[in-house]
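The next block holds one structure in the form of structure tokens; read it before the comments.
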Amino acid sequence: MKKNYQKLYLERKKRNLSCEDMSKILGLSKSYYWQIENKKRRLFYDHAVKIARIFQMKPDDLFYEPS
């Protein structure tokens with residue numbers, strides 16, 4: 001798992017949500033969400049915003065890793 005996507009995994013686990021829970025909330029298939037979380041599929045802006053809202057965060061706080 002890439003470092004910046006580890007935050008996504010940790011936030012999901014902290015809230016006791018499964019990949020399936022997230023996929024249902026977002027209206028995505030379970031495999032599609034899993035691929036996003038494991039950086040196998042590109043994360044689009046609209047998905048980033050929706051995911052960040054679930055965790056009551058800003059997308060940059062969740063996905064941006066300063067170099």
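Chain lettering (A, B, ...) mirrors the order of the structure tokens, residue numbering begins at 1 for each chain separately, and ligand numbering begins at 1 in order of display.
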Please list as a ChimeraX atom specification every residue within 7 Å of segment 51-65 of chain A, counting only C-alpha atoms and excluding residues in the same chain fewer than 3 positions away. /A:4-5,7-8,47-48
Just the residues within 10 Å of segment 23-30 of chain A, please, counting only C-alpha atoms, with nothing from its chain fewer than 3 positions along; format it as a PyMOL selection string. chain A and resi 18-20+33-35+47+50-51+54
Next, dump the selected residues to file, keeping only all heavy atoms, as a PDB file, in the first residue's frame.
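Done, and the output landed in again-v8.pdb:
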```pdb
ATOM      1  N   SER A  18     -15.731  -1.593   6.689  1.00  0.00           N
ATOM      2  CA  SER A  18     -15.092  -2.538   5.768  1.00  0.00           C
ATOM      3  C   SER A  18     -15.030  -1.917   4.382  1.00  0.00           C
ATOM      4  O   SER A  18     -15.663  -0.886   4.112  1.00  0.00           O
ATOM      5  CB  SER A  18     -15.901  -3.836   5.716  1.00  0.00           C
ATOM      6  OG  SER A  18     -17.160  -3.595   5.101  1.00  0.00           O
ATOM      7  N   CYS A  19     -14.298  -2.557   3.489  1.00  0.00           N
ATOM      8  CA  CYS A  19     -14.278  -2.114   2.089  1.00  0.00           C
ATOM      9  C   CYS A  19     -15.694  -2.172   1.520  1.00  0.00           C
ATOM     10  O   CYS A  19     -16.095  -1.299   0.751  1.00  0.00           O
ATOM     11  CB  CYS A  19     -13.351  -2.994   1.254  1.00  0.00           C
ATOM     12  SG  CYS A  19     -11.618  -2.636   1.456  1.00  0.00           S
ATOM     13  N   GLU A  20     -16.437  -3.180   1.923  1.00  0.00           N
ATOM     14  CA  GLU A  20     -17.811  -3.321   1.445  1.00  0.00           C
ATOM     15  C   GLU A  20     -18.689  -2.169   1.952  1.00  0.00           C
ATOM     16  O   GLU A  20     -19.497  -1.624   1.201  1.00  0.00           O
ATOM     17  CB  GLU A  20     -18.393  -4.657   1.879  1.00  0.00           C
ATOM     18  CG  GLU A  20     -19.739  -4.940   1.281  1.00  0.00           C
ATOM     19  CD  GLU A  20     -20.224  -6.350   1.548  1.00  0.00           C
ATOM     20  OE1 GLU A  20     -19.523  -7.130   2.215  1.00  0.00           O
ATOM     21  OE2 GLU A  20     -21.322  -6.662   1.069  1.00  0.00           O
ATOM     22  N   TYR A  33     -13.615  -0.107  -5.030  1.00  0.00           N
ATOM     23  CA  TYR A  33     -13.129   0.618  -3.857  1.00  0.00           C
ATOM     24  C   TYR A  33     -11.799   0.035  -3.377  1.00  0.00           C
ATOM     25  O   TYR A  33     -10.867   0.778  -3.066  1.00  0.00           O
ATOM     26  CB  TYR A  33     -14.147   0.608  -2.706  1.00  0.00           C
ATOM     27  CG  TYR A  33     -13.554   1.286  -1.508  1.00  0.00           C
ATOM     28  CD1 TYR A  33     -13.508   2.666  -1.444  1.00  0.00           C
ATOM     29  CD2 TYR A  33     -12.968   0.558  -0.483  1.00  0.00           C
ATOM     30  CE1 TYR A  33     -12.895   3.310  -0.384  1.00  0.00           C
ATOM     31  CE2 TYR A  33     -12.355   1.186   0.583  1.00  0.00           C
ATOM     32  CZ  TYR A  33     -12.319   2.559   0.619  1.00  0.00           C
ATOM     33  OH  TYR A  33     -11.681   3.182   1.659  1.00  0.00           O
ATOM     34  N   TRP A  34     -11.708  -1.285  -3.318  1.00  0.00           N
ATOM     35  CA  TRP A  34     -10.466  -1.929  -2.878  1.00  0.00           C
ATOM     36  C   TRP A  34      -9.308  -1.492  -3.773  1.00  0.00           C
ATOM     37  O   TRP A  34      -8.207  -1.225  -3.280  1.00  0.00           O
ATOM     38  CB  TRP A  34     -10.624  -3.444  -2.905  1.00  0.00           C
ATOM     39  CG  TRP A  34      -9.393  -4.158  -2.430  1.00  0.00           C
ATOM     40  CD1 TRP A  34      -9.103  -4.515  -1.149  1.00  0.00           C
ATOM     41  CD2 TRP A  34      -8.277  -4.572  -3.219  1.00  0.00           C
ATOM     42  NE1 TRP A  34      -7.872  -5.128  -1.099  1.00  0.00           N
ATOM     43  CE2 TRP A  34      -7.334  -5.175  -2.358  1.00  0.00           C
ATOM     44  CE3 TRP A  34      -7.965  -4.493  -4.574  1.00  0.00           C
ATOM     45  CZ2 TRP A  34      -6.129  -5.681  -2.805  1.00  0.00           C
ATOM     46  CZ3 TRP A  34      -6.756  -5.007  -5.016  1.00  0.00           C
ATOM     47  CH2 TRP A  34      -5.857  -5.595  -4.132  1.00  0.00           C
ATOM     48  N   GLN A  35      -9.537  -1.405  -5.063  1.00  0.00           N
ATOM     49  CA  GLN A  35      -8.498  -0.993  -5.997  1.00  0.00           C
ATOM     50  C   GLN A  35      -8.075   0.455  -5.756  1.00  0.00           C
ATOM     51  O   GLN A  35      -6.895   0.788  -5.875  1.00  0.00           O
ATOM     52  CB  GLN A  35      -8.963  -1.180  -7.439  1.00  0.00           C
ATOM     53  CG  GLN A  35      -9.070  -2.626  -7.828  1.00  0.00           C
ATOM     54  CD  GLN A  35      -9.721  -2.828  -9.180  1.00  0.00           C
ATOM     55  OE1 GLN A  35     -10.246  -1.894  -9.788  1.00  0.00           O
ATOM     56  NE2 GLN A  35      -9.705  -4.061  -9.652  1.00  0.00           N
ATOM     57  N   HIS A  47     -14.505  11.191  -6.249  1.00  0.00           N
ATOM     58  CA  HIS A  47     -14.423  10.116  -5.256  1.00  0.00           C
ATOM     59  C   HIS A  47     -13.631  10.579  -4.032  1.00  0.00           C
ATOM     60  O   HIS A  47     -13.992  10.258  -2.897  1.00  0.00           O
ATOM     61  CB  HIS A  47     -13.767   8.867  -5.834  1.00  0.00           C
ATOM     62  CG  HIS A  47     -14.606   8.182  -6.860  1.00  0.00           C
ATOM     63  ND1 HIS A  47     -14.072   7.583  -7.966  1.00  0.00           N
ATOM     64  CD2 HIS A  47     -15.939   8.006  -6.961  1.00  0.00           C
ATOM     65  CE1 HIS A  47     -15.031   7.065  -8.695  1.00  0.00           C
ATOM     66  NE2 HIS A  47     -16.188   7.312  -8.107  1.00  0.00           N
ATOM     67  N   LYS A  50     -15.908  12.680  -1.870  1.00  0.00           N
ATOM     68  CA  LYS A  50     -16.902  11.859  -1.178  1.00  0.00           C
ATOM     69  C   LYS A  50     -16.280  11.078  -0.029  1.00  0.00           C
ATOM     70  O   LYS A  50     -16.842  10.993   1.062  1.00  0.00           O
ATOM     71  CB  LYS A  50     -17.567  10.887  -2.154  1.00  0.00           C
ATOM     72  CG  LYS A  50     -18.513  11.557  -3.116  1.00  0.00           C
ATOM     73  CD  LYS A  50     -19.083  10.539  -4.081  1.00  0.00           C
ATOM     74  CE  LYS A  50     -19.961  11.172  -5.134  1.00  0.00           C
ATOM     75  NZ  LYS A  50     -20.481  10.172  -6.094  1.00  0.00           N
ATOM     76  N   ILE A  51     -15.110  10.499  -0.278  1.00  0.00           N
ATOM     77  CA  ILE A  51     -14.425   9.730   0.765  1.00  0.00           C
ATOM     78  C   ILE A  51     -14.043  10.642   1.928  1.00  0.00           C
ATOM     79  O   ILE A  51     -14.251  10.296   3.090  1.00  0.00           O
ATOM     80  CB  ILE A  51     -13.194   9.007   0.187  1.00  0.00           C
ATOM     81  CG1 ILE A  51     -13.641   7.909  -0.786  1.00  0.00           C
ATOM     82  CG2 ILE A  51     -12.329   8.432   1.305  1.00  0.00           C
ATOM     83  CD1 ILE A  51     -12.521   7.329  -1.629  1.00  0.00           C
ATOM     84  N   ILE A  54     -16.953  11.434   4.184  1.00  0.00           N
ATOM     85  CA  ILE A  54     -17.318  10.324   5.075  1.00  0.00           C
ATOM     86  C   ILE A  54     -16.514  10.419   6.373  1.00  0.00           C
ATOM     87  O   ILE A  54     -17.036  10.187   7.451  1.00  0.00           O
ATOM     88  CB  ILE A  54     -17.065   8.970   4.381  1.00  0.00           C
ATOM     89  CG1 ILE A  54     -18.053   8.777   3.227  1.00  0.00           C
ATOM     90  CG2 ILE A  54     -17.171   7.808   5.374  1.00  0.00           C
ATOM     91  CD1 ILE A  54     -17.709   7.627   2.304  1.00  0.00           C
TER      92      ILE A  54
END
```
Measure the distance from atom CA of Asn38 of chain A to atom CA of Met22 of chain A in Å and round it to one decimal. 13.7 Å
What is the distance between atom CA of Arg15 of chain A and atom CA of Glu37 of chain A, in Å to one decimal? 15.3 Å
Quick one: DSSP alpha helix (DSSP H) residues in segment 6-66 of chain A, as a PyMOL selection string? chain A and resi 6-14+19-26+30-37+45-54+59-63
How far is it from atom CA of Glu11 of chain A to atom CA of Leu43 of chain A, in Å with one decimal?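 Computing it gives 16.5 Å between the two atoms.
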